[in-house]
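This is start.pdb. It holds PDB, C-alpha atoms.
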ATOM      1  CA  MET A 307       0.000   0.000   0.000  1.00  0.00           C
ATOM      2  CA  SER A 308       1.376   3.415  -0.856  1.00  0.00           C
ATOM      3  CA  PHE A 309       0.457   6.803   0.470  1.00  0.00           C
ATOM      4  CA  THR A 310       0.715  10.386  -0.543  1.00  0.00           C
ATOM      5  CA  GLN A 311       2.014  12.416   2.332  1.00  0.00           C
ATOM      6  CA  SER A 312      -0.014  15.606   2.342  1.00  0.00           C
ATOM      7  CA  TYR A 313       1.758  17.229   5.256  1.00  0.00           C
ATOM      8  CA  GLU A 314       5.093  17.061   6.977  1.00  0.00           C
ATOM      9  CA  LEU A 315       5.019  14.317   9.571  1.00  0.00           C
ATOM     10  CA  ILE A 316       5.139  15.835  13.036  1.00  0.00           C
ATOM     11  CA  ILE A 317       6.198  13.908  16.125  1.00  0.00           C
ATOM     12  CA  LYS A 318       5.307  15.406  19.470  1.00  0.00           C
ATOM     13  CA  LYS A 319       5.120  14.467  23.118  1.00  0.00           C
ATOM     14  CA  VAL A 320       1.568  13.397  23.927  1.00  0.00           C
ATOM     15  CA  GLU A 321      -0.484  16.068  25.651  1.00  0.00           C
ATOM     16  CA  GLU A 322      -3.974  15.831  27.113  1.00  0.00           C
ATOM     17  CA  LYS A 323      -5.562  16.740  23.761  1.00  0.00           C
ATOM     18  CA  ASP A 324      -3.727  13.840  22.047  1.00  0.00           C
ATOM     19  CA  ILE A 325      -4.934  11.063  24.366  1.00  0.00           C
ATOM     20  CA  ASP A 326      -7.959  10.067  22.246  1.00  0.00           C
ATOM     21  CA  ALA A 327      -5.776   9.776  19.127  1.00  0.00           C
ATOM     22  CA  GLY A 328      -3.268   7.788  21.193  1.00  0.00           C
ATOM     23  CA  ILE A 329      -6.002   5.408  22.297  1.00  0.00           C
ATOM     24  CA  GLU A 330      -6.866   4.770  18.644  1.00  0.00           C
ATOM     25  CA  MET A 331      -3.187   4.030  17.908  1.00  0.00           C
ATOM     26  CA  VAL A 332      -3.046   1.536  20.795  1.00  0.00           C
ATOM     27  CA  LYS A 333      -6.294  -0.057  19.612  1.00  0.00           C
ATOM     28  CA  GLU A 334      -4.807  -0.546  16.118  1.00  0.00           C
ATOM     29  CA  PHE A 335      -1.605  -1.892  17.709  1.00  0.00           C
ATOM     30  CA  TYR A 336      -3.658  -4.435  19.660  1.00  0.00           C
ATOM     31  CA  LEU A 337      -5.578  -5.536  16.561  1.00  0.00           C
ATOM     32  CA  LYS A 338      -2.356  -6.029  14.563  1.00  0.00           C
ATOM     33  CA  ALA A 339      -0.146  -7.520  17.281  1.00  0.00           C
ATOM     34  CA  PHE A 340      -2.061  -8.913  20.240  1.00  0.00           C
ATOM     35  CA  LYS A 341      -5.404 -10.120  18.960  1.00  0.00           C
ATOM     36  CA  GLU A 342      -3.740 -13.113  17.293  1.00  0.00           C
ATOM     37  CA  GLN A 343      -2.605 -14.177  20.792  1.00  0.00           C
ATOM     38  CA  ASN A 344      -6.245 -14.080  22.006  1.00  0.00           C
ATOM     39  CA  LEU A 345      -5.372 -11.521  24.678  1.00  0.00           C
ATOM     40  CA  ALA A 346      -8.285  -9.590  26.150  1.00  0.00           C
ATOM     41  CA  PHE A 347      -9.054  -5.980  25.237  1.00  0.00           C
ATOM     42  CA  LYS A 348     -11.257  -3.618  27.224  1.00  0.00           C
ATOM     43  CA  TYR A 349     -11.561  -0.102  25.878  1.00  0.00           C
ATOM     44  CA  LYS A 350     -11.938   1.436  29.360  1.00  0.00           C
ATOM     45  CA  ASP A 351      -8.691  -0.222  30.489  1.00  0.00           C
ATOM     46  CA  VAL A 352      -6.831   0.870  27.358  1.00  0.00           C
ATOM     47  CA  LYS A 353      -8.094   4.410  27.929  1.00  0.00           C
ATOM     48  CA  LYS A 354      -6.850   4.303  31.527  1.00  0.00           C
ATOM     49  CA  LEU A 355      -3.475   2.903  30.388  1.00  0.00           C
ATOM     50  CA  CYS A 356      -3.055   5.656  27.788  1.00  0.00           C
ATOM     51  CA  GLU A 357      -3.954   8.338  30.323  1.00  0.00           C
ATOM     52  CA  ILE A 358      -1.425   6.984  32.848  1.00  0.00           C
ATOM     53  CA  ILE A 359       1.331   6.777  30.245  1.00  0.00           C
ATOM     54  CA  ALA A 360       0.589  10.241  28.835  1.00  0.00           C
ATOM     55  CA  ARG A 361       0.272  11.974  32.193  1.00  0.00           C
ATOM     56  CA  LYS A 362       2.829  10.222  34.396  1.00  0.00           C
ATOM     57  CA  ASN A 363       5.225   8.416  32.041  1.00  0.00           C
ATOM     58  CA  ILE A 364       6.150   9.131  28.419  1.00  0.00           C
ATOM     59  CA  SER A 365       4.650   8.780  24.969  1.00  0.00           C
ATOM     60  CA  PHE A 366       5.011  10.415  21.591  1.00  0.00           C
ATOM     61  CA  ILE A 367       2.536  10.572  18.738  1.00  0.00           C
ATOM     62  CA  ALA A 368       3.062  11.230  15.031  1.00  0.00           C
ATOM     63  CA  TYR A 369       0.617  13.178  12.913  1.00  0.00           C
ATOM     64  CA  ASP A 370       0.306  13.574   9.160  1.00  0.00           C
ATOM     65  CA  GLY A 371      -1.740  16.736   9.206  1.00  0.00           C
ATOM     66  CA  LYS A 372      -4.518  16.016  11.707  1.00  0.00           C
ATOM     67  CA  LYS A 373      -4.350  12.243  11.234  1.00  0.00           C
ATOM     68  CA  ALA A 374      -2.500  10.211  13.894  1.00  0.00           C
ATOM     69  CA  VAL A 375      -0.245   7.748  12.073  1.00  0.00           C
ATOM     70  CA  GLY A 376       2.074   6.376  14.754  1.00  0.00           C
ATOM     71  CA  SER A 377       2.825   6.318  18.449  1.00  0.00           C
ATOM     72  CA  ILE A 378       5.275   5.019  21.017  1.00  0.00           C
ATOM     73  CA  GLY A 379       4.962   4.949  24.774  1.00  0.00           C
ATOM     74  CA  GLY A 380       5.713   3.192  27.980  1.00  0.00           C
ATOM     75  CA  PHE A 381       6.510   3.360  31.650  1.00  0.00           C
ATOM     76  CA  ILE A 382       9.394   5.055  33.389  1.00  0.00           C
ATOM     77  CA  ILE A 383      10.351   2.602  36.117  1.00  0.00           C
ATOM     78  CA  PRO A 384      13.227   2.122  38.542  1.00  0.00           C
ATOM     79  CA  HIS A 385      15.765  -0.543  37.599  1.00  0.00           C
ATOM     80  CA  VAL A 386      14.902  -3.597  39.694  1.00  0.00           C
ATOM     81  CA  PHE A 387      18.469  -4.060  40.976  1.00  0.00           C
ATOM     82  CA  ASP A 388      19.408  -0.381  41.355  1.00  0.00           C
ATOM     83  CA  SER A 389      16.534   1.940  42.219  1.00  0.00           C
ATOM     84  CA  ASP A 390      18.731   4.993  41.578  1.00  0.00           C
ATOM     85  CA  GLU A 391      18.702   4.109  37.870  1.00  0.00           C
ATOM     86  CA  LYS A 392      15.592   4.606  35.712  1.00  0.00           C
ATOM     87  CA  MET A 393      14.383   2.585  32.743  1.00  0.00           C
ATOM     88  CA  PHE A 394      11.946   3.233  29.925  1.00  0.00           C
ATOM     89  CA  ASN A 395       9.853   0.088  29.398  1.00  0.00           C
ATOM     90  CA  GLU A 396       8.047   0.205  26.044  1.00  0.00           C
ATOM     91  CA  VAL A 397       4.374  -0.789  26.155  1.00  0.00           C
ATOM     92  CA  PHE A 398       3.439   0.113  22.578  1.00  0.00           C
ATOM     93  CA  TRP A 399       5.182   1.179  19.402  1.00  0.00           C
ATOM     94  CA  TYR A 400       2.959   1.310  16.382  1.00  0.00           C
ATOM     95  CA  VAL A 401       3.066   2.839  12.912  1.00  0.00           C
ATOM     96  CA  ARG A 402       0.174   2.516  10.497  1.00  0.00           C
ATOM     97  CA  GLU A 403       1.031   0.133   7.669  1.00  0.00           C
ATOM     98  CA  GLU A 404       1.021   2.733   4.916  1.00  0.00           C
ATOM     99  CA  TYR A 405       3.775   4.655   6.789  1.00  0.00           C
ATOM    100  CA  ARG A 406       6.030   1.704   7.623  1.00  0.00           C
ATOM    101  CA  LYS A 407       8.343   2.114   4.644  1.00  0.00           C
ATOM    102  CA  SER A 408       9.117   5.655   5.767  1.00  0.00           C
ATOM    103  CA  SER A 409      11.488   6.566   8.584  1.00  0.00           C
ATOM    104  CA  LEU A 410       8.600   7.174  10.997  1.00  0.00           C
ATOM    105  CA  GLY A 411       9.189   4.119  13.207  1.00  0.00           C
ATOM    106  CA  ILE A 412      12.849   5.056  13.683  1.00  0.00           C
ATOM    107  CA  ARG A 413      11.944   8.683  14.321  1.00  0.00           C
ATOM    108  CA  LEU A 414       9.529   7.618  17.084  1.00  0.00           C
ATOM    109  CA  MET A 415      12.226   5.411  18.623  1.00  0.00           C
ATOM    110  CA  LYS A 416      14.731   8.291  18.432  1.00  0.00           C
ATOM    111  CA  ALA A 417      12.229  10.592  20.176  1.00  0.00           C
ATOM    112  CA  ILE A 418      12.033   8.155  23.106  1.00  0.00           C
ATOM    113  CA  GLU A 419      15.800   7.698  23.208  1.00  0.00           C
ATOM    114  CA  GLU A 420      16.378  11.457  23.183  1.00  0.00           C
ATOM    115  CA  TYR A 421      13.819  11.923  25.943  1.00  0.00           C
ATOM    116  CA  CYS A 422      15.557   9.254  28.014  1.00  0.00           C
ATOM    117  CA  LYS A 423      18.947  10.848  27.443  1.00  0.00           C
ATOM    118  CA  ASN A 424      17.687  14.306  28.431  1.00  0.00           C
ATOM    119  CA  ASN A 425      15.905  12.991  31.533  1.00  0.00           C
ATOM    120  CA  LYS A 426      18.667  10.791  32.964  1.00  0.00           C
ATOM    121  CA  ILE A 427      16.866   7.563  32.103  1.00  0.00           C
ATOM    122  CA  LYS A 428      19.732   5.126  31.676  1.00  0.00           C
ATOM    123  CA  TYR A 429      18.052   2.150  30.001  1.00  0.00           C
ATOM    124  CA  CYS A 430      15.560   1.760  27.178  1.00  0.00           C
ATOM    125  CA  LEU A 431      13.721  -1.567  26.918  1.00  0.00           C
ATOM    126  CA  MET A 432      12.053  -2.274  23.574  1.00  0.00           C
ATOM    127  CA  ALA A 433       9.951  -5.377  22.936  1.00  0.00           C
ATOM    128  CA  SER A 434       9.372  -7.892  20.194  1.00  0.00           C
ATOM    129  CA  LEU A 435       6.165  -9.905  20.202  1.00  0.00           C
ATOM    130  CA  GLY A 436       7.352 -13.248  18.900  1.00  0.00           C
ATOM    131  CA  ASN A 437       5.466 -12.884  15.639  1.00  0.00           C
ATOM    132  CA  ARG A 438       6.351 -12.685  11.944  1.00  0.00           C
ATOM    133  CA  ARG A 439       8.174  -9.371  12.471  1.00  0.00           C
ATOM    134  CA  ASP A 440      10.670 -10.727  15.021  1.00  0.00           C
ATOM    135  CA  ASP A 441      13.600 -11.077  12.624  1.00  0.00           C
ATOM    136  CA  ALA A 442      13.179  -7.566  11.233  1.00  0.00           C
ATOM    137  CA  LEU A 443      12.901  -6.074  14.722  1.00  0.00           C
ATOM    138  CA  CYS A 444      15.962  -7.998  15.905  1.00  0.00           C
ATOM    139  CA  LYS A 445      17.999  -6.527  13.033  1.00  0.00           C
ATOM    140  CA  LEU A 446      16.632  -3.043  13.654  1.00  0.00           C
ATOM    141  CA  TYR A 447      17.300  -3.137  17.388  1.00  0.00           C
ATOM    142  CA  SER A 448      20.823  -4.491  16.871  1.00  0.00           C
ATOM    143  CA  LYS A 449      21.564  -1.794  14.304  1.00  0.00           C
ATOM    144  CA  ARG A 450      20.431   0.851  16.816  1.00  0.00           C
ATOM    145  CA  GLY A 451      22.724  -0.523  19.551  1.00  0.00           C
ATOM    146  CA  TYR A 452      20.235  -2.640  21.508  1.00  0.00           C
ATOM    147  CA  LYS A 453      21.284  -6.021  22.894  1.00  0.00           C
ATOM    148  CA  HIS A 454      19.072  -9.074  23.276  1.00  0.00           C
ATOM    149  CA  PHE A 455      18.098  -8.998  26.930  1.00  0.00           C
ATOM    150  CA  GLU A 456      15.252 -11.341  27.755  1.00  0.00           C
ATOM    151  CA  THR A 457      12.721 -13.563  26.046  1.00  0.00           C
ATOM    152  CA  VAL A 458       9.252 -13.854  27.544  1.00  0.00           C
ATOM    153  CA  TYR A 459       6.712 -16.628  26.984  1.00  0.00           C
ATOM    154  CA  ILE A 460       2.979 -16.562  27.608  1.00  0.00           C
ATOM    155  CA  LYS A 461       0.511 -19.326  28.385  1.00  0.00           C
ATOM    156  CA  THR A 462      -3.220 -18.997  28.931  1.00  0.00           C
ATOM    157  CA  ILE A 463      -4.172 -20.582  32.236  1.00  0.00           C
ATOM    158  CA  GLY A 464      -7.875 -21.131  32.778  1.00  0.00           C
ATOM    159  CA  GLU A 465     -10.718 -19.753  30.761  1.00  0.00           C
TER     160      GLU A 465
END
Is it possible to give me this structure as structure tokens?
Amino acid sequence: MSFTQSYELIIKKVEEKDIDAGIEMVKEFYLKAFKEQNLAFKYKDVKKLCEIIARKNISFIAYDGKKAVGSIGGFIIPHVFDSDEKMFNEVFWYVREEYRKSSLGIRLMKAIEEYCKNNKIKYCLMASLGNRRDDALCKLYSKRGYKHFETVYIKTIGE
């Protein structure tokens, strides 16, 4: 799918007025990445998550004109073995498919990294979901200086 970019892509820190657009980005992220794992989705909980990340943690959103086309966000947490050190723990990173061949995904990642650098956040944890995009993300993360850190597995217990 191709697109005609009508405006300059703008990446900005999420403000109160951007939360609804951010919720839509997270909803799209869920549908593309998590639904295949049969993980639950409740709009009210996603709304609460987005509000917490926007107000008390960090997220950025990308707009093409007035249309939200990508977002990244997560929690600022203390390092578990050294509470004096802070970490950014990515919760979502999503770019609409028609913008994926552009540099938008990297620009969103750079925005988070720059924020971390400027706010004395020592570590940046980015995730991979164990799906068809794993190899591409592994290459991208390695190219950007990330090291493989941990692999997580999920199992549904009870229904």
Practice problem: Convert the output of the PyMOL selection byres ((chain A and resi 377) around 9) on the shown file into explicit residues, formatted as a list in words. | Solution: Ile317, Gly328, Met331, Val332, Ser365, Phe366, Ile367, Ala368, Ala374, Val375, Gly376, Ile378, Gly379, Phe398, Trp399, Tyr400, Val401, Gly411 and Leu414 of chain A
Practice problem: Would you translate the PyMOL selection byres ((chain A and resi 345-359) around 7) into the concrete set of residues it matches in this file, as a ChimeraX atom specification? | Solution: /A:325,328-329,340-341,343-344,360-365,379-381
Write the selection just made, keeping C-alpha atoms, as a PDB file, in the coordinates of the input?
ATOM      1  CA  ILE A 325      -4.934  11.063  24.366  1.00  0.00           C
ATOM      2  CA  GLY A 328      -3.268   7.788  21.193  1.00  0.00           C
ATOM      3  CA  ILE A 329      -6.002   5.408  22.297  1.00  0.00           C
ATOM      4  CA  PHE A 340      -2.061  -8.913  20.240  1.00  0.00           C
ATOM      5  CA  LYS A 341      -5.404 -10.120  18.960  1.00  0.00           C
ATOM      6  CA  GLN A 343      -2.605 -14.177  20.792  1.00  0.00           C
ATOM      7  CA  ASN A 344      -6.245 -14.080  22.006  1.00  0.00           C
ATOM      8  CA  ALA A 360       0.589  10.241  28.835  1.00  0.00           C
ATOM      9  CA  ARG A 361       0.272  11.974  32.193  1.00  0.00           C
ATOM     10  CA  LYS A 362       2.829  10.222  34.396  1.00  0.00           C
ATOM     11  CA  ASN A 363       5.225   8.416  32.041  1.00  0.00           C
ATOM     12  CA  ILE A 364       6.150   9.131  28.419  1.00  0.00           C
ATOM     13  CA  SER A 365       4.650   8.780  24.969  1.00  0.00           C
ATOM     14  CA  GLY A 379       4.962   4.949  24.774  1.00  0.00           C
ATOM     15  CA  GLY A 380       5.713   3.192  27.980  1.00  0.00           C
ATOM     16  CA  PHE A 381       6.510   3.360  31.650  1.00  0.00           C
TER      17      PHE A 381
END
Practice problem: Would you work out the distance separating atom CA of A:Met393 from atom CA of A:Ile427, expressed in Å to one decimal? | Solution: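 Calculated distance between atom CA of A:Met393 and atom CA of A:Ile427 is 5.6 Å.
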Self-check item: Residues within 10 Å of A:Tyr421, all atoms listed in the file, excluding chain neighbours under 2 positions, as a PyMOL selection string
Solution: chain A and resi 319+364-366+394+415-419+423-427
Quiz item: When distances are computed from only C-alpha atoms, which of A:Lys372, A:Glu403, A:Leu410, A:Leu315 shows the smallest separation from A:Ala327?
Solution: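 For A:Ala327, the nearest of the candidates is A:Lys372.
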Can you write stretch 336-452 of chain A from the block above with C-alpha atoms, as a PDB file, in the first residue's frame?
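In the end it all went to selection-v7.pdb:
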ATOM      1  CA  TYR A 336      -3.658  -4.435  19.660  1.00  0.00           C
ATOM      2  CA  LEU A 337      -5.578  -5.536  16.561  1.00  0.00           C
ATOM      3  CA  LYS A 338      -2.356  -6.029  14.563  1.00  0.00           C
ATOM      4  CA  ALA A 339      -0.146  -7.520  17.281  1.00  0.00           C
ATOM      5  CA  PHE A 340      -2.061  -8.913  20.240  1.00  0.00           C
ATOM      6  CA  LYS A 341      -5.404 -10.120  18.960  1.00  0.00           C
ATOM      7  CA  GLU A 342      -3.740 -13.113  17.293  1.00  0.00           C
ATOM      8  CA  GLN A 343      -2.605 -14.177  20.792  1.00  0.00           C
ATOM      9  CA  ASN A 344      -6.245 -14.080  22.006  1.00  0.00           C
ATOM     10  CA  LEU A 345      -5.372 -11.521  24.678  1.00  0.00           C
ATOM     11  CA  ALA A 346      -8.285  -9.590  26.150  1.00  0.00           C
ATOM     12  CA  PHE A 347      -9.054  -5.980  25.237  1.00  0.00           C
ATOM     13  CA  LYS A 348     -11.257  -3.618  27.224  1.00  0.00           C
ATOM     14  CA  TYR A 349     -11.561  -0.102  25.878  1.00  0.00           C
ATOM     15  CA  LYS A 350     -11.938   1.436  29.360  1.00  0.00           C
ATOM     16  CA  ASP A 351      -8.691  -0.222  30.489  1.00  0.00           C
ATOM     17  CA  VAL A 352      -6.831   0.870  27.358  1.00  0.00           C
ATOM     18  CA  LYS A 353      -8.094   4.410  27.929  1.00  0.00           C
ATOM     19  CA  LYS A 354      -6.850   4.303  31.527  1.00  0.00           C
ATOM     20  CA  LEU A 355      -3.475   2.903  30.388  1.00  0.00           C
ATOM     21  CA  CYS A 356      -3.055   5.656  27.788  1.00  0.00           C
ATOM     22  CA  GLU A 357      -3.954   8.338  30.323  1.00  0.00           C
ATOM     23  CA  ILE A 358      -1.425   6.984  32.848  1.00  0.00           C
ATOM     24  CA  ILE A 359       1.331   6.777  30.245  1.00  0.00           C
ATOM     25  CA  ALA A 360       0.589  10.241  28.835  1.00  0.00           C
ATOM     26  CA  ARG A 361       0.272  11.974  32.193  1.00  0.00           C
ATOM     27  CA  LYS A 362       2.829  10.222  34.396  1.00  0.00           C
ATOM     28  CA  ASN A 363       5.225   8.416  32.041  1.00  0.00           C
ATOM     29  CA  ILE A 364       6.150   9.131  28.419  1.00  0.00           C
ATOM     30  CA  SER A 365       4.650   8.780  24.969  1.00  0.00           C
ATOM     31  CA  PHE A 366       5.011  10.415  21.591  1.00  0.00           C
ATOM     32  CA  ILE A 367       2.536  10.572  18.738  1.00  0.00           C
ATOM     33  CA  ALA A 368       3.062  11.230  15.031  1.00  0.00           C
ATOM     34  CA  TYR A 369       0.617  13.178  12.913  1.00  0.00           C
ATOM     35  CA  ASP A 370       0.306  13.574   9.160  1.00  0.00           C
ATOM     36  CA  GLY A 371      -1.740  16.736   9.206  1.00  0.00           C
ATOM     37  CA  LYS A 372      -4.518  16.016  11.707  1.00  0.00           C
ATOM     38  CA  LYS A 373      -4.350  12.243  11.234  1.00  0.00           C
ATOM     39  CA  ALA A 374      -2.500  10.211  13.894  1.00  0.00           C
ATOM     40  CA  VAL A 375      -0.245   7.748  12.073  1.00  0.00           C
ATOM     41  CA  GLY A 376       2.074   6.376  14.754  1.00  0.00           C
ATOM     42  CA  SER A 377       2.825   6.318  18.449  1.00  0.00           C
ATOM     43  CA  ILE A 378       5.275   5.019  21.017  1.00  0.00           C
ATOM     44  CA  GLY A 379       4.962   4.949  24.774  1.00  0.00           C
ATOM     45  CA  GLY A 380       5.713   3.192  27.980  1.00  0.00           C
ATOM     46  CA  PHE A 381       6.510   3.360  31.650  1.00  0.00           C
ATOM     47  CA  ILE A 382       9.394   5.055  33.389  1.00  0.00           C
ATOM     48  CA  ILE A 383      10.351   2.602  36.117  1.00  0.00           C
ATOM     49  CA  PRO A 384      13.227   2.122  38.542  1.00  0.00           C
ATOM     50  CA  HIS A 385      15.765  -0.543  37.599  1.00  0.00           C
ATOM     51  CA  VAL A 386      14.902  -3.597  39.694  1.00  0.00           C
ATOM     52  CA  PHE A 387      18.469  -4.060  40.976  1.00  0.00           C
ATOM     53  CA  ASP A 388      19.408  -0.381  41.355  1.00  0.00           C
ATOM     54  CA  SER A 389      16.534   1.940  42.219  1.00  0.00           C
ATOM     55  CA  ASP A 390      18.731   4.993  41.578  1.00  0.00           C
ATOM     56  CA  GLU A 391      18.702   4.109  37.870  1.00  0.00           C
ATOM     57  CA  LYS A 392      15.592   4.606  35.712  1.00  0.00           C
ATOM     58  CA  MET A 393      14.383   2.585  32.743  1.00  0.00           C
ATOM     59  CA  PHE A 394      11.946   3.233  29.925  1.00  0.00           C
ATOM     60  CA  ASN A 395       9.853   0.088  29.398  1.00  0.00           C
ATOM     61  CA  GLU A 396       8.047   0.205  26.044  1.00  0.00           C
ATOM     62  CA  VAL A 397       4.374  -0.789  26.155  1.00  0.00           C
ATOM     63  CA  PHE A 398       3.439   0.113  22.578  1.00  0.00           C
ATOM     64  CA  TRP A 399       5.182   1.179  19.402  1.00  0.00           C
ATOM     65  CA  TYR A 400       2.959   1.310  16.382  1.00  0.00           C
ATOM     66  CA  VAL A 401       3.066   2.839  12.912  1.00  0.00           C
ATOM     67  CA  ARG A 402       0.174   2.516  10.497  1.00  0.00           C
ATOM     68  CA  GLU A 403       1.031   0.133   7.669  1.00  0.00           C
ATOM     69  CA  GLU A 404       1.021   2.733   4.916  1.00  0.00           C
ATOM     70  CA  TYR A 405       3.775   4.655   6.789  1.00  0.00           C
ATOM     71  CA  ARG A 406       6.030   1.704   7.623  1.00  0.00           C
ATOM     72  CA  LYS A 407       8.343   2.114   4.644  1.00  0.00           C
ATOM     73  CA  SER A 408       9.117   5.655   5.767  1.00  0.00           C
ATOM     74  CA  SER A 409      11.488   6.566   8.584  1.00  0.00           C
ATOM     75  CA  LEU A 410       8.600   7.174  10.997  1.00  0.00           C
ATOM     76  CA  GLY A 411       9.189   4.119  13.207  1.00  0.00           C
ATOM     77  CA  ILE A 412      12.849   5.056  13.683  1.00  0.00           C
ATOM     78  CA  ARG A 413      11.944   8.683  14.321  1.00  0.00           C
ATOM     79  CA  LEU A 414       9.529   7.618  17.084  1.00  0.00           C
ATOM     80  CA  MET A 415      12.226   5.411  18.623  1.00  0.00           C
ATOM     81  CA  LYS A 416      14.731   8.291  18.432  1.00  0.00           C
ATOM     82  CA  ALA A 417      12.229  10.592  20.176  1.00  0.00           C
ATOM     83  CA  ILE A 418      12.033   8.155  23.106  1.00  0.00           C
ATOM     84  CA  GLU A 419      15.800   7.698  23.208  1.00  0.00           C
ATOM     85  CA  GLU A 420      16.378  11.457  23.183  1.00  0.00           C
ATOM     86  CA  TYR A 421      13.819  11.923  25.943  1.00  0.00           C
ATOM     87  CA  CYS A 422      15.557   9.254  28.014  1.00  0.00           C
ATOM     88  CA  LYS A 423      18.947  10.848  27.443  1.00  0.00           C
ATOM     89  CA  ASN A 424      17.687  14.306  28.431  1.00  0.00           C
ATOM     90  CA  ASN A 425      15.905  12.991  31.533  1.00  0.00           C
ATOM     91  CA  LYS A 426      18.667  10.791  32.964  1.00  0.00           C
ATOM     92  CA  ILE A 427      16.866   7.563  32.103  1.00  0.00           C
ATOM     93  CA  LYS A 428      19.732   5.126  31.676  1.00  0.00           C
ATOM     94  CA  TYR A 429      18.052   2.150  30.001  1.00  0.00           C
ATOM     95  CA  CYS A 430      15.560   1.760  27.178  1.00  0.00           C
ATOM     96  CA  LEU A 431      13.721  -1.567  26.918  1.00  0.00           C
ATOM     97  CA  MET A 432      12.053  -2.274  23.574  1.00  0.00           C
ATOM     98  CA  ALA A 433       9.951  -5.377  22.936  1.00  0.00           C
ATOM     99  CA  SER A 434       9.372  -7.892  20.194  1.00  0.00           C
ATOM    100  CA  LEU A 435       6.165  -9.905  20.202  1.00  0.00           C
ATOM    101  CA  GLY A 436       7.352 -13.248  18.900  1.00  0.00           C
ATOM    102  CA  ASN A 437       5.466 -12.884  15.639  1.00  0.00           C
ATOM    103  CA  ARG A 438       6.351 -12.685  11.944  1.00  0.00           C
ATOM    104  CA  ARG A 439       8.174  -9.371  12.471  1.00  0.00           C
ATOM    105  CA  ASP A 440      10.670 -10.727  15.021  1.00  0.00           C
ATOM    106  CA  ASP A 441      13.600 -11.077  12.624  1.00  0.00           C
ATOM    107  CA  ALA A 442      13.179  -7.566  11.233  1.00  0.00           C
ATOM    108  CA  LEU A 443      12.901  -6.074  14.722  1.00  0.00           C
ATOM    109  CA  CYS A 444      15.962  -7.998  15.905  1.00  0.00           C
ATOM    110  CA  LYS A 445      17.999  -6.527  13.033  1.00  0.00           C
ATOM    111  CA  LEU A 446      16.632  -3.043  13.654  1.00  0.00           C
ATOM    112  CA  TYR A 447      17.300  -3.137  17.388  1.00  0.00           C
ATOM    113  CA  SER A 448      20.823  -4.491  16.871  1.00  0.00           C
ATOM    114  CA  LYS A 449      21.564  -1.794  14.304  1.00  0.00           C
ATOM    115  CA  ARG A 450      20.431   0.851  16.816  1.00  0.00           C
ATOM    116  CA  GLY A 451      22.724  -0.523  19.551  1.00  0.00           C
ATOM    117  CA  TYR A 452      20.235  -2.640  21.508  1.00  0.00           C
TER     118      TYR A 452
END
